[in-house]
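Pasting query03.cif here (mmCIF, C-alpha atoms):
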data_data
#
loop_
_atom_site.label_atom_id
_atom_site.label_comp_id
_atom_site.auth_asym_id
_atom_site.auth_seq_id
_atom_site.Cartn_x
_atom_site.Cartn_y
_atom_site.Cartn_z
CA MET Q 1 72.61 113.50 77.69
CA ARG Q 2 75.11 111.92 75.36
CA LYS Q 3 76.71 108.50 76.06
CA ARG Q 4 80.38 108.59 76.83
CA ALA Q 5 82.93 105.81 76.59
CA THR Q 6 83.95 104.15 79.84
CA ARG Q 7 87.61 104.29 80.62
CA PRO Q 8 89.10 100.78 80.87
CA ASN Q 9 91.51 101.78 83.66
CA VAL Q 10 88.72 102.51 86.14
CA PHE Q 11 88.40 98.84 87.12
CA ARG Q 12 92.11 98.10 87.49
CA ASP Q 13 93.71 97.68 90.89
CA LEU Q 14 95.37 100.73 92.37
CA LYS Q 15 99.15 100.64 92.67
CA ARG Q 16 101.01 102.49 95.43
CA LEU Q 17 104.81 102.33 95.56
CA GLY Q 18 104.71 99.53 92.98
CA VAL Q 19 102.45 97.30 95.10
CA TYR Q 20 98.76 96.70 94.45
CA SER Q 21 96.23 97.65 97.09
CA THR Q 22 95.23 94.01 97.67
CA ASP Q 23 98.79 93.07 98.73
CA TRP Q 24 99.40 95.77 101.35
CA LYS Q 25 98.01 93.63 104.17
CA TYR Q 26 100.82 91.12 103.57
CA ILE Q 27 103.35 93.93 103.96
CA LEU Q 28 101.95 96.01 106.81
CA VAL Q 29 101.04 93.20 109.24
CA PRO Q 30 104.52 91.60 109.33
CA THR Q 31 106.08 95.07 109.50
CA ALA Q 32 103.93 95.96 112.51
CA VAL Q 33 104.78 92.66 114.23
CA MET Q 34 108.52 93.18 113.67
CA TYR Q 35 108.23 96.76 114.94
CA VAL Q 36 106.23 96.01 118.10
CA THR Q 37 107.85 92.73 119.23
CA PRO Q 38 111.23 94.23 120.32
CA PHE Q 39 109.37 96.88 122.35
CA ILE Q 40 107.42 94.18 124.15
CA LEU Q 41 110.57 92.16 124.83
CA GLY Q 42 112.59 95.28 125.75
CA LEU Q 43 115.33 94.80 123.15
CA TRP Q 44 117.59 97.82 122.57
CA LEU Q 45 120.77 98.36 120.60
CA TYR Q 46 122.67 101.00 122.60
CA TYR Q 47 120.14 103.88 122.76
CA ILE Q 48 118.08 102.79 119.74
CA PRO Q 49 115.06 100.54 120.22
CA LEU Q 50 115.57 97.47 118.02
CA GLY Q 51 112.02 97.71 116.71
CA PHE Q 52 112.78 100.73 114.55
CA PRO Q 53 115.54 99.24 112.36
CA LEU Q 54 113.77 95.86 112.21
CA GLY Q 55 110.49 97.50 111.18
CA VAL Q 56 112.13 99.58 108.45
CA ALA Q 57 114.18 96.61 107.16
CA THR Q 58 111.11 94.35 107.11
CA PHE Q 59 109.07 96.97 105.27
CA LEU Q 60 111.74 97.53 102.61
CA ILE Q 61 112.41 93.82 102.06
CA LEU Q 62 108.71 93.01 101.72
CA LEU Q 63 108.10 96.03 99.48
CA VAL Q 64 110.82 94.94 97.06
CA THR Q 65 109.73 91.30 97.23
CA PHE Q 66 106.10 92.09 96.44
CA SER Q 67 107.07 94.44 93.63
CA ILE Q 68 109.12 91.66 92.02
CA LEU Q 69 106.51 88.96 92.70
CA ARG Q 70 103.67 91.04 91.31
CA ALA Q 71 105.59 91.68 88.10
CA SER Q 72 106.29 87.98 87.56
CA LYS Q 73 103.22 86.21 88.99
CA PRO Q 74 99.54 86.28 87.99
CA ARG Q 75 96.86 88.17 89.87
CA TYR Q 76 95.87 86.78 93.32
CA TRP Q 77 98.77 84.31 93.17
CA LEU Q 78 99.70 84.77 96.83
CA LYS Q 79 96.13 84.55 98.06
CA HIS Q 80 95.58 81.24 96.26
CA ARG Q 81 98.96 79.97 97.44
CA LEU Q 82 98.13 80.77 101.09
CA ASP Q 83 94.67 79.20 100.76
CA ALA Q 84 96.21 76.02 99.38
CA ALA Q 85 98.80 75.93 102.18
CA SER Q 86 96.16 76.41 104.86
CA ASP Q 87 93.96 73.66 103.43
CA GLY Q 88 96.88 71.28 103.32
CA TRP Q 89 98.35 69.44 100.42
CA THR Q 90 96.49 66.18 99.84
CA ARG Q 91 98.46 63.25 98.55
CA PHE Q 92 96.61 61.13 96.04
CA ARG Q 93 97.73 57.64 95.34
CA PRO Q 94 98.56 56.88 91.72
CA PRO Q 95 95.86 54.94 89.87
CA LEU Q 96 96.35 51.22 89.58
CA ASN Q 97 96.53 49.46 86.21
CA ARG Q 98 93.01 48.13 86.55
CA GLU Q 99 91.65 51.65 87.20
CA PHE Q 100 92.81 52.82 83.77
CA GLN Q 101 90.30 50.54 82.07
CA ASN Q 102 87.07 52.07 80.83
CA SER Q 103 84.94 49.26 82.19
CA ASP Q 104 85.29 50.60 85.71
CA TRP Q 105 83.34 53.76 85.05
CA ILE Q 106 81.35 53.06 81.88
CA THR Q 107 78.47 50.62 82.13
CA LYS Q 108 77.72 48.62 79.03
CA PRO Q 109 74.07 48.11 78.04
CA LYS Q 110 72.88 44.51 78.35
#

Will you turn the file into structure tokens for me?
Amino acid sequence: MRKRATRPNVFRDLKRLGVYSTDWKYILVPTAVMYVTPFILGLWLYYIPLGFPLGVATFLILLVTFSILRASKPRYWLKHRLDAASDGWTRFRPPLNREFQNSDWITKPK
């Protein structure tokens, strides 16, 4: 059997509606929450349950937002951003003048 070249696009992420498959969880979970919450609370607008327009609006806003973000940000940007936010931002104090000297971390031979 003869060797064939591997297509480079096989290993790329799959895009659906302009959004990569790894980002759909950030769209579908908030959409589901915005759809179900008005039903639980019993919120209606005349004869229309409020969950339907809120769910559709949330889906469309997040779909457009992620399409724009994905075009302008690097891969896994949101995942790393959420990991950093969950870990907390640590404040480091600025180094003192004495800490800039090499003698603090380099030992001289005697």

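Atom CA of Q:Tyr76 to atom CA of Q:Asp13 spans 11.4 Å [interatomic distance, one decimal].
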
Item checked: Q:Gly55 environment, 9 Å, only C-alpha atoms, sequence neighbours closer than 6 positions dropped, as JSON, numbers by chain -> {"Q": [30, 31, 32, 33, 34, 35, 36]}

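Candidate residues Q:Leu45, Q:Ser21, Q:Ala84, Q:Tyr26 were compared for distance to Q:Ile61, and the nearest is Q:Tyr26, using all atoms listed in the file.
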
Check: With distances taken over all atoms listed in the file, which of Q:Leu50, Q:Ala5, Q:Val19, Q:Leu14 is nearest to Q:Thr65?
Finding: Q:Val19

Checklist line | Closest of Q:Ile48, Q:Leu78, Q:Ala85, Q:Leu62 to Q:Gly18 - atom-to-atom distances counting only C-alpha atoms | finding: Q:Leu62

Hey, could you pull the box centre and edge lengths for stretch 48-62 of chain Q, axis-aligned, 3 Å padding per side, all listed atoms, to one decimal in Å, as AutoDock Vina command-line options?
--center_x 113.4 --center_y 97.9 --center_z 111.0 --size_x 15.4 --size_y 15.8 --size_z 24.5

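The gap separating atom CA of Q:Leu60 from atom CA of Q:Arg75 is 21.7 Å, in Å to one decimal.
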
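Atom CA of Q:Trp24 is positioned 27.0 Å from atom CA of Q:Leu43.
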
Next item on the list: Counting only C-alpha atoms, figure out which residue out of Q:Leu17, Q:Thr37, Q:Ser86, Q:Lys3 gets nearest to Q:Val64.
Entry: Q:Leu17

Check: Smallest atom-to-atom distance to Q:Ile27: which of Q:Asp87, Q:Phe59, Q:Leu54, Q:Leu69, using all atoms listed in the file?
Finding: Q:Phe59

Could you rebuild stretch 54-79 of chain Q with N, CA and C atoms and give me the result as an mmCIF file, in the frame of the given file?
data_model
loop_
_atom_site.group_PDB
_atom_site.id
_atom_site.type_symbol
_atom_site.label_atom_id
_atom_site.label_comp_id
_atom_site.auth_asym_id
_atom_site.auth_seq_id
_atom_site.Cartn_x
_atom_site.Cartn_y
_atom_site.Cartn_z
ATOM 1 N N LEU Q 54 114.404 97.099 112.693
ATOM 2 C CA LEU Q 54 113.770 95.860 112.210
ATOM 3 C C LEU Q 54 112.490 96.160 111.421
ATOM 4 N N GLY Q 55 111.709 97.128 111.893
ATOM 5 C CA GLY Q 55 110.490 97.500 111.180
ATOM 6 C C GLY Q 55 110.781 98.078 109.809
ATOM 7 N N VAL Q 56 111.769 98.963 109.736
ATOM 8 C CA VAL Q 56 112.130 99.580 108.450
ATOM 9 C C VAL Q 56 112.700 98.528 107.504
ATOM 10 N N ALA Q 57 113.575 97.662 108.001
ATOM 11 C CA ALA Q 57 114.180 96.610 107.160
ATOM 12 C C ALA Q 57 113.102 95.648 106.651
ATOM 13 N N THR Q 58 112.190 95.254 107.513
ATOM 14 C CA THR Q 58 111.110 94.350 107.110
ATOM 15 C C THR Q 58 110.238 94.996 106.043
ATOM 16 N N PHE Q 59 109.902 96.257 106.242
ATOM 17 C CA PHE Q 59 109.070 96.970 105.270
ATOM 18 C C PHE Q 59 109.759 97.040 103.911
ATOM 19 N N LEU Q 60 111.031 97.402 103.887
ATOM 20 C CA LEU Q 60 111.740 97.530 102.610
ATOM 21 C C LEU Q 60 111.912 96.187 101.911
ATOM 22 N N ILE Q 61 112.238 95.158 102.668
ATOM 23 C CA ILE Q 61 112.410 93.820 102.060
ATOM 24 C C ILE Q 61 111.089 93.329 101.483
ATOM 25 N N LEU Q 62 110.003 93.465 102.228
ATOM 26 C CA LEU Q 62 108.710 93.010 101.720
ATOM 27 C C LEU Q 62 108.216 93.866 100.556
ATOM 28 N N LEU Q 63 108.502 95.151 100.574
ATOM 29 C CA LEU Q 63 108.100 96.030 99.480
ATOM 30 C C LEU Q 63 108.795 95.623 98.182
ATOM 31 N N VAL Q 64 110.079 95.379 98.246
ATOM 32 C CA VAL Q 64 110.820 94.940 97.060
ATOM 33 C C VAL Q 64 110.364 93.562 96.613
ATOM 34 N N THR Q 65 110.163 92.659 97.567
ATOM 35 C CA THR Q 65 109.730 91.300 97.230
ATOM 36 C C THR Q 65 108.376 91.303 96.534
ATOM 37 N N PHE Q 66 107.426 92.061 97.051
ATOM 38 C CA PHE Q 66 106.100 92.090 96.440
ATOM 39 C C PHE Q 66 106.109 92.805 95.097
ATOM 40 N N SER Q 67 106.969 93.789 94.931
ATOM 41 C CA SER Q 67 107.070 94.440 93.630
ATOM 42 C C SER Q 67 107.588 93.460 92.582
ATOM 43 N N ILE Q 68 108.565 92.646 92.957
ATOM 44 C CA ILE Q 68 109.120 91.660 92.020
ATOM 45 C C ILE Q 68 108.108 90.536 91.776
ATOM 46 N N LEU Q 69 107.483 90.034 92.848
ATOM 47 C CA LEU Q 69 106.510 88.960 92.700
ATOM 48 C C LEU Q 69 105.325 89.375 91.838
ATOM 49 N N ARG Q 70 104.848 90.589 92.042
ATOM 50 C CA ARG Q 70 103.670 91.040 91.310
ATOM 51 C C ARG Q 70 103.974 91.199 89.824
ATOM 52 N N ALA Q 71 105.220 91.537 89.505
ATOM 53 C CA ALA Q 71 105.590 91.680 88.100
ATOM 54 C C ALA Q 71 105.712 90.321 87.412
ATOM 55 N N SER Q 72 106.038 89.272 88.177
ATOM 56 C CA SER Q 72 106.290 87.980 87.560
ATOM 57 C C SER Q 72 105.191 86.942 87.774
ATOM 58 N N LYS Q 73 104.259 87.182 88.684
ATOM 59 C CA LYS Q 73 103.220 86.210 88.990
ATOM 60 C C LYS Q 73 101.844 86.732 88.582
ATOM 61 N N PRO Q 74 100.878 85.831 88.352
ATOM 62 C CA PRO Q 74 99.540 86.280 87.990
ATOM 63 C C PRO Q 74 98.790 86.903 89.172
ATOM 64 N N ARG Q 75 97.673 87.493 88.857
ATOM 65 C CA ARG Q 75 96.860 88.170 89.870
ATOM 66 C C ARG Q 75 96.353 87.183 90.927
ATOM 67 N N TYR Q 76 96.318 87.582 92.172
ATOM 68 C CA TYR Q 76 95.870 86.780 93.320
ATOM 69 C C TYR Q 76 96.693 85.508 93.520
ATOM 70 N N TRP Q 77 97.921 85.493 93.039
ATOM 71 C CA TRP Q 77 98.770 84.310 93.170
ATOM 72 C C TRP Q 77 99.028 83.997 94.637
ATOM 73 N N LEU Q 78 99.385 85.002 95.418
ATOM 74 C CA LEU Q 78 99.700 84.770 96.830
ATOM 75 C C LEU Q 78 98.488 84.325 97.621
ATOM 76 N N LYS Q 79 97.349 84.924 97.350
ATOM 77 C CA LYS Q 79 96.130 84.550 98.060
ATOM 78 C C LYS Q 79 95.792 83.074 97.822
#
